[in-house]
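One structure is given here, and the rest of the page talks about it.
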There are 2 protein chains.
Amino acid sequence: MTRNFADRLFDAVRTKESPLCVGIDPTLDRIPATIRRRAFEVHDDPLAAGADAIGVFCRRVVEIVAEHAACVKLQMAFFERFGDAGIRAAREVVDLARSRDLVVIGDLKRGDIGSTVAAFASAYLGETDAEADRHPAVAFDAITVNAYMGSDAITPYLPLCRDRGKGIFVLVRTSNPSSREIQDLVCDGLPLFHHVARLVDEWGRDCVGDCGMSSVGAVVGATFPRELGEARARMPAAPFLVPGVGAQGARAEDVAPAFREDGLGAVVNSSRGILYAFEKRGSGGAWEDAVAEAAAGLRRALRAASRDSRGNL
Amino acid sequence: MTRNFADRLFDAVRTKESPLCVGIDPTLDRIPATIRRRAFEVHDDPLAAGADAIGVFCRRVVEIVAEHAACVKLQMAFFERFGDAGIRAAREVVDLARSRDLVVIGDLKRGDIGSTVAAFASAYLGETDAEADRHPAVAFDAITVNAYMGSDAITPYLPLCRDRGKGIFVLVRTSNPSSREIQDLVCDGLPLFHHVARLVDEWGRDCVGDCGMSSVGAVVGATFPRELGEARARMPAAPFLVPGVGAQGARAEDVAPAFREDGLGAVVNSSRGILYAFEKRGSGGAWEDAVAEAAAGLRRALRAASRDSRGNL
């Protein structure tokens, strides 16, 4: 029996002494120009060139942030954008991250039902009984999912979360401004995201690990600290994947309500603030140094925030 | 300026005299054994073998259904399941379908924001200003999207829908049993899906083609006929992509409320009922004949249903 995902995730948080998740969202026009130029010299096909360039950049980023972060999150759209070459690039980044003891999350934000979920699970978690079993396309530890379609979109994942060491993070309250339009609609006296949170809590009950947290987690943005606290109260056992820090405007201290009293309970994602930290420097120094410093700095700030929360909650 | 997506879609419906959309959801263990065996003889790598097998099957299905259907919808999970080889297989199926004058919909059910939407649009609609512009990974005419994150997840697509001949179908009321859990929660006196429908109607206002329909459409299941009629009333200009007929239990006549008085307004998807029609036959006859008959039969039934609705609405 494989170790529970929540146990693995928070082992990584404890071992690395860091609740940091580095978001790998590579955009071709923001990666260092030398990497981009070299790739476009080597390849005629623009999709192959683009995939090569982002692959080189992301693998280097993974090497740099491995000592500062518990996990990385790949936003798959940025890889899919380069077709089959992009999928190969993602697989190489994932394999490298796993070899560096990083927990690897696939940011897919998909929600579908029945046999389609089985196909997703095969593709991105690699744990089903299909003919090509154990040959995932990209082997994530956990993926993000959308619950708009209801339990049919979630329950097929639960055996993988319970028995096979995999995890899911359900979108509950996202960090973007217009998340209010739907997620805050008041249904039966409570905002919609509270109803989704209640379902997440129910779905995760049979998937709790030794650490007391479940392998069914939630995406809850840092940009709305009050809602973050409400979500924590409603889903006491759900690991939170918290976006919104950095480029989206939230500060490290805003995430305090996501943590439990023992300082565990959440990983906090920053993508552009770390990946493109070198843009702020102008031409001075190696881009790698800026990335390392940004990761180390955010890790320090997040550790302080998670310690604060021990006293406050 | 490219022709409006809704105009192209309903041109295809009129030309083919068919509101049928054939869902391409290939599962390895259900495709004809001869195709599967041959692929696994040729390839050592199980992902390459699987992708080859589903590619052969799906291209043959596209050839067969081209005369009966206005469009095809590829459920991408079934291709992604085979990694980079699966993406190549999908691209070949899409290119073939376009060459047969089929409108091609990518069933991705994704919902994300900002630069991630730009990456999706590059990957699957191929119309952005990125460096690798005009080199989509897979060139769909339209994709399905999830609006749980609000307008931020939708508005980046609207310029493509307004000016570049592309379309989106927003999940509004899905066909699965547990869709009620979230989509029917009553907010301000109305089920949640009515609120999403209102947003779809607003998003689509600047994207209306000569046919009077918008290139911003909606996914509304046939399994709940009353809700289908409510959705039509709330989104008069939205093309409907209607799943749920066949394997999921709805009958062709259940979709009547989706059509406008002129008999246009919707395309109706059937996946397994057509793809695997040969399973019901036992060993008699070619599998291709069963697929052709199933497509022709459903087309007849849907034409009758769309004519009915002209009088009833």
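Naming works like this for the structure tokens: A, B, ... for the chains as they're shown, residue 1 at the start of each chain, ligands 1 onward in shown order.
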
What are the closest atom pairs, with distances in Å to one decimal, for all residues of chain B lying within 8 Å of chain A? Consider only C-alpha atoms, order rows by chain and residue number, and present the result as CSV.
residue,atom,partner,partner_atom,distance
B:Leu28,CA,A:Glu131,CA,7.4
B:Asp29,CA,A:Glu131,CA,7.3
B:Pro46,CA,A:Ala132,CA,5.8
B:Leu47,CA,A:Ala132,CA,6.8
B:Gly50,CA,A:Ala132,CA,7.6
B:Gln75,CA,A:Thr116,CA,7.7
B:Ala77,CA,A:Phe120,CA,5.6
B:Phe78,CA,A:Ala119,CA,5.6
B:Glu80,CA,A:Ala123,CA,6.2
B:Arg81,CA,A:Ala123,CA,4.0
B:Phe82,CA,A:Ala137,CA,5.9
B:Gly83,CA,A:Ala137,CA,4.2
B:Asp84,CA,A:Asp84,CA,4.1
B:Ala85,CA,A:Asp84,CA,6.7
B:Gly86,CA,A:Asp84,CA,7.9
B:Ile87,CA,A:Asp84,CA,5.5
B:Arg88,CA,A:Asp84,CA,6.2
B:Leu108,CA,A:Arg110,CA,7.5
B:Lys109,CA,A:Arg110,CA,6.1
B:Arg110,CA,A:Arg110,CA,5.3
B:Gly111,CA,A:Lys109,CA,6.5
B:Asp112,CA,A:Lys109,CA,7.2
B:Ile113,CA,A:Asn176,CA,7.6
B:Thr116,CA,A:Ala77,CA,6.2
B:Val117,CA,A:Ala77,CA,8.0
B:Ala119,CA,A:Phe78,CA,5.5
B:Phe120,CA,A:Ala77,CA,5.6
B:Ser122,CA,A:Arg81,CA,6.0
B:Ala123,CA,A:Arg81,CA,4.0
B:Tyr124,CA,A:Arg81,CA,7.7
B:Ala130,CA,A:Asp29,CA,8.0
B:Glu131,CA,A:Asp29,CA,7.3
B:Ala132,CA,A:Pro46,CA,5.9
B:His135,CA,A:Leu47,CA,7.1
B:Pro136,CA,A:Arg81,CA,7.2
B:Ala137,CA,A:Gly83,CA,4.2
B:Val138,CA,A:Gly83,CA,7.1
B:Asn146,CA,A:Tyr148,CA,7.9
B:Tyr148,CA,A:Ile182,CA,6.2
B:Met149,CA,A:Ser179,CA,4.8
B:Gly150,CA,A:Ser179,CA,5.1
B:Ser151,CA,A:Ser178,CA,5.8
B:Asp152,CA,A:Ser178,CA,5.8
B:Thr174,CA,A:Met149,CA,6.7
B:Asn176,CA,A:Asp152,CA,7.2
B:Pro177,CA,A:Asp152,CA,7.6
B:Ser178,CA,A:Gly150,CA,5.1
B:Ser179,CA,A:Met149,CA,4.8
B:Arg180,CA,A:Gly150,CA,7.2
B:Glu181,CA,A:Gly150,CA,5.6
B:Ile182,CA,A:Gly150,CA,6.0
B:Gln183,CA,A:Tyr148,CA,6.9
B:Leu185,CA,A:Cys187,CA,6.0
B:Val186,CA,A:Cys187,CA,5.2
B:Cys187,CA,A:Cys187,CA,4.2
B:Asp188,CA,A:Val186,CA,6.7
B:His195,CA,A:Ile182,CA,7.9
B:Val196,CA,A:Ile182,CA,7.6

_With only C-alpha atoms as the counted atoms, please give the residues lying no more than 10 Å from segment 210-217 of chain B, apart from itself and same-chain residues fewer than 5 positions off, as an NGL selection string._
:B and (3-11 or 142-145 or 154 or 157-158 or 160-162 or 165-172 or 197 or 200-205 or 235-241 or 264-266)

*Using DSSP on the backbone, list every residue of segment 51-286 of chain A that comes out as alpha helix (DSSP H), and give them as a count of residues only.*
83

*asked:* Taking the DSSP secondary structure from the backbone, can you list the residues of segment 143-173 of chain A that are strand (DSSP E), as a PyMOL selection string?
replied: chain A and resi 143-145+167-173

Any chance you can output those residues with C-alpha atoms as a PDB file, in the first residue's frame?
ATOM      1  CA  ILE A 143      -4.084  17.205  -9.808  1.00  0.00           C
ATOM      2  CA  THR A 144      -6.477  20.129  -9.521  1.00  0.00           C
ATOM      3  CA  VAL A 145     -10.123  19.394 -10.389  1.00  0.00           C
ATOM      4  CA  GLY A 167      -4.338  13.428  -4.241  1.00  0.00           C
ATOM      5  CA  ILE A 168      -6.779  15.930  -5.703  1.00  0.00           C
ATOM      6  CA  PHE A 169      -7.289  19.632  -5.015  1.00  0.00           C
ATOM      7  CA  VAL A 170     -10.853  20.747  -5.706  1.00  0.00           C
ATOM      8  CA  LEU A 171     -11.393  24.370  -6.774  1.00  0.00           C
ATOM      9  CA  VAL A 172     -13.332  25.972  -3.923  1.00  0.00           C
ATOM     10  CA  ARG A 173     -12.564  29.700  -3.756  1.00  0.00           C
TER      11      ARG A 173
END

_Which residues are near Val65 of chain A? Cut-off 10 Å, only C-alpha atoms, ignore same chain within fewer than 4 positions. Put them as a list in words._
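Residues near the query, excluding close chain neighbours: Leu20, Cys21, Val22, Arg60, Val61, Ala69, Ala70, Cys71, Val72, Ala97, Arg100, Leu102, Ile274, Leu275, Glu288, Val291, Ala292, Glu293, Ala294, Ala295 and Ala296 of chain A.
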
*Would you kindly return, as a list in words, each protein, DNA or RNA residue with an atom no farther than 6 Å from any atom of segment 16-19 of chain A, considering only C-alpha atoms and excluding same-chain residues fewer than 2 positions away?*
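What passes the distance filter is Ala12, Val13, Arg14, Ala69, Ala70, Val267 and Arg299 of chain A.
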
*May I ask which of the residues A:Leu302, A:Ala290, A:Ala139, A:Leu74 is the closest one to Gly106 of chain A, counting only C-alpha atoms?*
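That would be A:Leu74, the residue with the smallest distance to Gly106 of chain A.
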
*For Trp287 of chain A, list every protein, DNA or RNA residue within 9 Å, evaluated using only C-alpha atoms, and leave out those in the same chain fewer than 3 positions away; present the list as a list in words.*
Pro32, Tyr276, Ala277, Phe278, Glu279, Arg281, Ser283, Gly284, Ala290, Val291 and Ala292 of chain A

_Distance of atom CA of Leu125 of chain B from atom CA of Ser271 of chain B, expressed in Å to one decimal place_ =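 Taking atom CA of Ser271 of chain B as the start and atom CA of Leu125 of chain B as the end point, the length is 22.3 Å.
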
*Extract, using only C-alpha atoms, all DNA, RNA and protein residues at most 10 Å from Ala304 of chain A, discarding same-chain residues fewer than 3 positions from it, and format them as a PyMOL selection string.*
chain A and resi 252-253+256+263+298-301+307-309
